[in-house]
Structures are given as structure tokens and as C-alpha cells.
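start28.txt (compact mmCIF, C-alpha atoms) appears below.
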# COMPACT_ATOMS: atom_id res chain seq x y z
CA MET D 9 -43.41 -11.15 29.37
CA ARG D 10 -42.89 -14.86 30.05
CA LYS D 11 -42.36 -15.40 26.33
CA PHE D 12 -39.62 -12.78 26.25
CA PHE D 13 -37.64 -14.65 28.92
CA SER D 14 -38.21 -18.10 27.49
CA PRO D 15 -35.04 -20.01 26.42
CA VAL D 16 -35.88 -19.68 22.71
CA SER D 17 -36.58 -15.97 23.01
CA LEU D 18 -33.38 -15.35 24.98
CA LEU D 19 -31.38 -17.26 22.36
CA GLN D 20 -32.94 -15.14 19.61
CA SER D 21 -32.13 -11.95 21.51
CA ALA D 22 -28.53 -13.04 22.11
CA THR D 23 -28.10 -13.91 18.42
CA ALA D 24 -29.53 -10.54 17.36
CA LEU D 25 -27.28 -8.72 19.83
CA ILE D 26 -24.18 -10.50 18.53
CA LEU D 27 -25.15 -9.67 14.94
CA ILE D 28 -25.77 -6.01 15.80
CA ILE D 29 -22.43 -5.68 17.64
CA GLY D 30 -20.60 -7.37 14.74
CA CYS D 31 -22.25 -5.11 12.16
CA LEU D 32 -21.47 -1.98 14.19
CA TYR D 33 -17.84 -3.07 14.53
CA ALA D 34 -17.59 -3.70 10.78
CA ALA D 35 -19.19 -0.32 10.06
CA GLN D 36 -16.71 1.45 12.33
CA TRP D 37 -13.80 -0.44 10.73
CA GLN D 38 -14.89 0.49 7.20
CA PHE D 39 -15.48 4.10 8.19
CA GLY D 40 -11.99 4.24 9.70
CA ARG D 41 -10.48 2.85 6.50
CA GLY D 42 -12.38 5.39 4.44
CA GLN D 43 -11.26 8.25 6.66
CA THR D 44 -7.65 7.08 6.49
CA GLN D 45 -7.84 6.91 2.70
CA ALA D 46 -9.40 10.37 2.54
CA ASP D 47 -6.64 11.81 4.75
CA THR D 48 -3.98 10.10 2.63
CA ASN D 49 -5.50 11.50 -0.56
CA LYS D 50 -5.36 15.02 0.90
CA ILE D 51 -1.65 14.55 1.71
CA ILE D 52 -0.86 13.21 -1.77
CA SER D 53 -2.84 15.93 -3.54
CA ALA D 54 -1.04 18.64 -1.57
CA ASN D 55 2.40 17.06 -2.08
CA LEU D 56 1.96 16.74 -5.85
CA ALA D 57 1.52 20.52 -6.04
CA LYS D 58 4.57 21.36 -3.91
CA PRO D 59 8.01 22.21 -5.36
CA PRO D 60 10.66 19.46 -5.38
CA LEU D 61 12.62 18.78 -2.21
CA GLN D 62 16.38 19.19 -2.47
CA MET D 63 19.01 16.89 -0.99
CA VAL D 64 19.60 19.11 2.05
CA GLU D 65 15.90 18.85 2.97
CA LEU D 66 15.85 15.05 3.22
CA ALA D 67 17.45 14.75 6.67
CA ASN D 68 15.02 13.08 9.11
CA LEU D 69 12.32 13.12 6.44
CA ASP D 70 8.81 11.94 7.37
CA SER D 71 8.09 9.76 4.33
CA VAL D 72 4.38 9.38 5.13
CA ALA D 73 3.79 13.13 5.41
CA ASN D 74 5.82 13.63 2.20
CA GLN D 75 4.58 10.65 0.18
CA TRP D 76 4.50 11.24 -3.58
CA ARG D 77 6.34 14.55 -3.24
CA THR D 78 9.03 15.13 -5.85
CA VAL D 79 12.68 15.18 -4.85
CA SER D 80 15.82 16.11 -6.81
CA ILE D 81 19.04 14.21 -6.00
CA LYS D 82 22.51 14.09 -7.51
CA GLY D 83 24.54 10.89 -7.36
CA ASN D 84 25.05 7.61 -9.17
CA PHE D 85 23.27 4.28 -9.65
CA SER D 86 24.89 1.01 -8.56
CA GLY D 87 24.15 -1.69 -11.10
CA ASN D 88 25.59 -4.29 -8.73
CA HIS D 89 22.89 -3.66 -6.13
CA GLN D 90 19.49 -4.42 -7.51
CA GLU D 91 16.22 -6.06 -6.37
CA LEU D 92 13.00 -7.05 -8.10
CA VAL D 93 9.56 -6.41 -6.64
CA ARG D 94 7.37 -9.39 -7.54
CA ASN D 95 3.70 -9.66 -8.48
CA ARG D 96 3.61 -6.48 -10.55
CA TYR D 97 1.53 -6.05 -13.70
CA TYR D 98 1.90 -3.56 -16.52
CA GLU D 99 -0.68 -3.32 -19.30
CA GLY D 100 -1.98 -6.76 -18.30
CA GLN D 101 1.42 -8.47 -18.41
CA PHE D 102 3.11 -10.06 -15.39
CA GLY D 103 6.56 -8.88 -14.35
CA PHE D 104 8.65 -7.06 -11.77
CA GLU D 105 9.50 -3.55 -10.74
CA VAL D 106 13.22 -2.88 -10.58
CA LEU D 107 14.76 -1.39 -7.45
CA THR D 108 18.29 -0.09 -7.99
CA LEU D 109 20.54 1.41 -5.34
CA PHE D 110 21.27 5.10 -5.81
CA THR D 111 24.04 6.76 -3.78
CA ALA D 112 23.80 10.53 -3.46
CA ILE D 113 26.93 12.69 -3.54
CA ASN D 114 26.64 13.13 0.24
CA GLY D 115 26.84 9.35 0.74
CA GLU D 116 23.14 8.72 1.49
CA ASN D 117 21.69 5.56 -0.07
CA PHE D 118 18.25 5.31 -1.68
CA TRP D 119 16.46 2.44 -3.37
CA VAL D 120 14.98 3.78 -6.60
CA ASP D 121 12.17 2.11 -8.51
CA ARG D 122 13.28 2.45 -12.15
CA GLY D 123 10.07 0.95 -13.54
CA TRP D 124 8.74 -2.38 -14.75
CA VAL D 125 10.24 -5.30 -16.68
CA ALA D 126 8.53 -8.40 -18.06
CA ALA D 127 9.06 -11.75 -16.35
CA GLY D 128 11.29 -14.37 -17.94
CA PRO D 129 9.88 -17.34 -19.90
CA SER D 130 9.93 -19.52 -16.76
CA ALA D 131 9.94 -19.07 -12.97
CA SER D 132 13.65 -19.91 -12.82
CA THR D 133 14.67 -17.50 -15.59
CA PRO D 134 15.63 -13.97 -14.51
CA PRO D 135 13.99 -11.15 -16.44
CA ILE D 136 16.07 -8.96 -18.73
CA VAL D 137 16.84 -5.74 -16.84
CA PRO D 138 18.49 -2.84 -18.73
CA LYS D 139 21.46 -1.31 -16.96
CA PRO D 140 21.00 2.02 -15.18
CA GLN D 141 22.61 5.23 -16.37
CA GLY D 142 26.29 5.38 -15.50
CA GLY D 143 28.28 8.17 -13.86
CA VAL D 144 27.05 11.02 -11.73
CA VAL D 145 23.52 12.05 -12.71
CA ASP D 146 20.74 14.30 -11.48
CA ILE D 147 17.48 12.43 -10.97
CA SER D 148 13.94 13.45 -10.13
CA ALA D 149 11.80 11.00 -8.22
CA ARG D 150 8.73 10.73 -6.01
CA ILE D 151 8.89 9.66 -2.37
CA ARG D 152 7.08 6.41 -1.57
CA SER D 153 6.43 5.28 2.00
CA GLU D 154 5.35 1.65 1.42
CA ASN D 155 7.53 -1.15 2.80
CA LEU D 156 8.33 -3.46 -0.12
CA SER D 157 10.53 -5.93 1.79
CA ARG D 158 7.89 -8.71 1.85
CA GLN D 159 7.42 -8.49 -1.92
CA LEU D 160 11.10 -9.20 -2.48
CA GLN D 161 10.68 -12.77 -1.22
CA GLY D 162 9.72 -15.74 -3.33
CA SER D 163 12.01 -15.35 -6.35
CA PHE D 164 15.42 -16.88 -5.83
CA PHE D 165 17.04 -14.97 -8.69
CA VAL D 166 16.01 -11.57 -7.35
CA THR D 167 19.22 -10.95 -5.46
CA LYS D 168 22.67 -12.46 -5.18
CA SER D 169 22.75 -11.64 -1.47
CA THR D 170 22.74 -14.60 0.94
CA ASN D 171 21.57 -12.43 3.83
CA PRO D 172 18.10 -13.13 5.27
CA LYS D 173 15.34 -10.97 3.91
CA PRO D 174 15.05 -7.85 6.09
CA LYS D 175 11.83 -6.58 7.63
CA SER D 176 12.55 -3.07 6.34
CA ILE D 177 13.62 -1.73 2.97
CA ALA D 178 16.32 0.20 4.84
CA LYS D 179 18.39 -2.99 5.23
CA ILE D 180 18.06 -4.68 1.83
CA GLN D 181 21.25 -6.57 0.92
CA GLY D 182 22.78 -5.40 4.19
CA ILE D 183 23.05 -1.81 2.93
CA ASP D 184 22.09 1.10 5.15
CA ALA D 185 19.55 3.02 3.08
CA GLN D 186 16.63 5.33 3.69
CA PRO D 187 13.47 3.63 5.09
CA TYR D 188 11.50 4.67 2.01
CA TYR D 189 12.02 4.27 -1.71
CA LEU D 190 11.77 6.58 -4.71
CA ASP D 191 9.86 6.31 -7.99
CA LEU D 192 12.06 7.52 -10.84
CA ILE D 193 10.44 10.07 -13.17
CA PRO D 194 11.80 11.43 -16.47
CA SER D 195 14.24 14.33 -16.17
CA LEU D 196 13.37 17.61 -17.87
CA ASP D 197 16.36 17.33 -20.21
CA GLY D 198 15.34 13.81 -21.27
CA LYS D 199 18.65 12.23 -20.22
CA ILE D 200 17.14 10.16 -17.43
CA THR D 201 14.11 8.02 -18.24
CA PRO D 202 12.51 5.21 -16.23
CA LEU D 203 12.03 1.76 -17.76
CA THR D 204 8.28 2.45 -17.68
CA ILE D 205 6.30 5.44 -16.48
CA ILE D 206 4.96 4.86 -12.97
CA GLU D 207 1.44 6.21 -12.89
CA LEU D 208 0.17 8.60 -10.24
CA PRO D 209 -2.35 7.11 -7.79
CA GLU D 210 -6.07 7.50 -8.32
CA LEU D 211 -7.20 9.82 -5.53
CA SER D 212 -10.41 8.03 -4.66
CA ASN D 213 -11.81 7.23 -1.23
CA GLY D 214 -12.95 3.86 -2.52
CA PRO D 215 -16.10 2.07 -1.35
CA HIS D 216 -15.32 2.17 2.38
CA PHE D 217 -17.90 4.80 3.36
CA ALA D 218 -20.58 2.98 1.35
CA TYR D 219 -19.63 -0.30 3.06
CA ALA D 220 -19.89 1.42 6.46
CA LEU D 221 -23.46 2.51 5.68
CA GLN D 222 -24.21 -0.99 4.44
CA TRP D 223 -23.10 -2.56 7.73
CA LEU D 224 -25.19 -0.01 9.67
CA ALA D 225 -28.19 -1.04 7.58
CA PHE D 226 -27.52 -4.70 8.45
CA ALA D 227 -27.46 -3.77 12.17
CA VAL D 228 -30.84 -2.03 11.83
CA LEU D 229 -32.24 -5.04 9.99
CA ALA D 230 -31.06 -7.38 12.76
CA LEU D 231 -32.76 -5.21 15.38
CA PHE D 232 -35.93 -4.89 13.31
CA GLY D 233 -35.98 -8.65 12.71
CA ARG D 234 -35.73 -9.35 16.43
CA ILE D 235 -38.64 -6.98 17.16
CA LEU D 236 -40.77 -8.68 14.51
CA LEU D 237 -39.98 -12.11 15.96
CA PHE D 238 -41.00 -10.95 19.43
CA ARG D 239 -44.23 -9.41 18.17
CA GLU D 240 -45.03 -12.61 16.31
CA SER D 241 -44.38 -14.71 19.40
CA LYS D 242 -46.84 -12.58 21.42
CA ARG D 243 -49.59 -13.48 18.99
CA LEU D 244 -48.97 -17.20 19.45
CA PRO D 245 -50.54 -19.04 22.39
CA LEU D 246 -48.33 -20.30 25.21
CA VAL D 247 -47.44 -23.95 24.87
Turn the structure described in the file into C-alpha cells.
Amino acid sequence: MRKFFSPVSLLQSATALILIIGCLYAAQWQFGRGQTQADTNKIISANLAKPPLQMVELANLDSVANQWRTVSIKGNFSGNHQELVRNRYYEGQFGFEVLTLFTAINGENFWVDRGWVAAGPSASTPPIVPKPQGGVVDISARIRSENLSRQLQGSFFVTKSTNPKPKSIAKIQGIDAQPYYLDLIPSLDGKITPLTIIELPELSNGPHFAYALQWLAFAVLALFGRILLFRESKRLPLV
């Protein structure tokens, strides 16, 4: 028993305890991430099978609960209000996704992701962005709940606005818009087409549950290692 309470033994026990607590915390964190991803996948899978929302159904919309659900809106694009989302890749090529302001016939504003464009030849050269369809049009799009405001920073040619970058997509360029954005999808009549097709998400839970089990295994190993050290110390003579 004296060996268990020796300074060296106490230090070993404290180290093992810290490792076990850290591993258990990491396991819980990974399990929580996996559960969140699984819940999100269930929401997306259900929303992809639901009929499109109409304009009258968008009041006070919960964008997280309705993420990736299709919506049909009538209005017009504003080519003078546009932003580029940086650090986007398409088929291995670097570029930007194009956000264009869309004003519905009831006056509501939405930022619509029209797809991807290649970057210019240099960091100071704006990419070539085709103009949006003119006039009043009917569009179909999918609701996205991510906040893209941070990804609008870093490219000085992205916007002509001199306003500070907002914390929310709802205030880009000083325009009151919905706090979510829309992914444009091709219309059934073929009149409206995105610059590139935005792929549906892969509904996978990822490696989080496996990582959680891995951290639990590390905690067990730390405990087992401490027991082995104590048993080994009992076999050694007191100094």
C-alpha cells in the first residue's frame, strides 16, 4: 500500500486519470457530432421527398428544419447585387460560387446561389460571371441554412459595397434579405438553368461514431496501463 501512495505512484495515477478524462470527453464530443450529423441526415432525407414550398409558406420559415427542401418563387434577379463565395472547387478547379439577389413579387429578398465560376488568372482579376436571367421568372431552388458571410471576405473584387462585412447573410450589401440562401436548380421547362449543377449532399454519418469508440478504447488502455504499472511496482522491492 505504501507503494501506491508514493510520489511516483501518485503522479502515475494522476496522469492516467487525466488521460482517461480527456479520452472520455473526446469520445462524448465525437458521439455528439455523429448524432447531430445523423439527425441532420434524417431531416435532409425527409425534406428531399416533400413537395415544393410555395411563396406564401415562407413566412417565418425555420431554415434548419427545412434545409434542402425545394421552394418555388416568382420574381426577378438583380444583376447589380452579387457576391462571390470563395474557396470553392468544382471538378478539381478552384473558383467561386455566385450569389445573386433575387426579389420575389411580394418584395421579399433572397440570395440565390446560381452555381460555380472559375477564378480569374490572378488574385486581383475578377472571374467572368454570366448575367442572370432578366425579367420576371419562376425559379425552383433548395433552402440552405449555412451562414456564408465569413466566406465572402478576402477577395476585394467580390463586391462593390463599401459597407463592413456583416455577420449574417441577411445583411449582405446592406440589403434586408432572408437569413438563409437558396441553391438554384433547373426549371422543368428548361428556361432557368444554374451556372453549374449543385450536387445533393452525401447522407453519411461520417467517422464520428467510430472515433468515439476509438477514444473509449484509449481510455480503457490508459486504465489498463495504470493497473499493470501498479502490479509491476508491487513485485519490485522497496527502495
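A straight line drawn from CA of Phe238 (chain D) to CA of Ser17 (chain D) is 7.6 Å long.
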- Task: Just the residues within 7 Å of Ser195 (chain D), please, counting all atoms listed in the file, with nothing from its chain fewer than 3 positions along; format it as a PyMOL selection string.
- Result: chain D and resi 147-148+198-201
Expected file: the selected residues, C-alpha atoms, as a PDB file, in the coordinates of the input:
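Output saved as out_3.pdb:
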ATOM      1  CA  ILE D 147      17.480  12.430 -10.970  1.00  0.00           C
ATOM      2  CA  SER D 148      13.940  13.450 -10.130  1.00  0.00           C
ATOM      3  CA  GLY D 198      15.340  13.810 -21.270  1.00  0.00           C
ATOM      4  CA  LYS D 199      18.650  12.230 -20.220  1.00  0.00           C
ATOM      5  CA  ILE D 200      17.140  10.160 -17.430  1.00  0.00           C
ATOM      6  CA  THR D 201      14.110   8.020 -18.240  1.00  0.00           C
TER       7      THR D 201
END
Residue nearest Arg77 (chain D) - candidates D:Leu92, D:Ile193, D:Ile28, D:Ala46, atoms counted: only C-alpha atoms: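 The closest residue to Arg77 (chain D) is D:Ile193.
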Fill in: Long-range neighbours of Gly143 (chain D) as number ranges by chain, 8 Å cut-off, all atoms listed in the file, 6 positions minimum in chain
D: 83-85
*asked:* Applying 12 Å and only C-alpha atoms, which residues near Thr48 (chain D) remain after dropping the ones on its own chain fewer than 2 positions away? List them as a PyMOL selection string.
replied: chain D and resi 41-46+50-55+72-76+153+209-213
One residue among D:Ile26, D:Ala149, D:Leu156, D:Ala34 is nearest to Ile206 (chain D) when using all atoms listed in the file, and that residue is D:Ala149
Skip region 126-140 of chain D itself and residues of its chain fewer than 3 positions away, then list as JSON, numbers by chain all residues within 10 Å of it, counting only C-alpha atoms. {"D": [84, 85, 86, 87, 88, 90, 92, 94, 95, 96, 97, 98, 101, 102, 103, 104, 105, 106, 108, 109, 110, 122, 143, 163, 164, 165, 166, 200, 201, 202, 203]}
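CA of Ile151 (chain D) is found 13.5 Å from CA of Asn68 (chain D).
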Handout entry: Point-to-point distance from CA of Ala178 (chain D) to CA of Ile205 (chain D), Å rounded to tenths
Key =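 A separation of 24.1 Å between them.
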In terms of all atoms listed in the file, the residue from D:Leu237, D:Arg150, D:Val145, D:Thr111 at minimal distance from Pro60 (chain D) is D:Arg150
Would you compute an axis-aligned box for region 52-61 of chain D, covering every atom listed for it in the file with 8 Å of margin on each side, and report centre and edge lengths in Å to one decimal as JSON?
{"center_x": 4.9, "center_y": 17.7, "center_z": -3.8, "size_x": 31.5, "size_y": 25.0, "size_z": 20.5}
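Minimum atom-to-atom distances from D:Leu160, D:Gln20, D:Asp146, D:Ala35 to Val93 (chain D) were compared using only C-alpha atoms, and the lowest value belongs to D:Leu160.
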Between D:Ala112, D:Ala227, D:Leu236, D:Leu32, which residue has the minimum interatomic distance to Lys82 (chain D), considering only C-alpha atoms?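 Of the candidates, the smallest distance to Lys82 (chain D) is held by D:Ala112.
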Nearest residue to Tyr189 (chain D) from the set D:Gln38, D:Ser21, D:Asn117, D:Thr204 (distances using only C-alpha atoms):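 Among the listed residues, the smallest separation from Tyr189 (chain D) belongs to D:Asn117.
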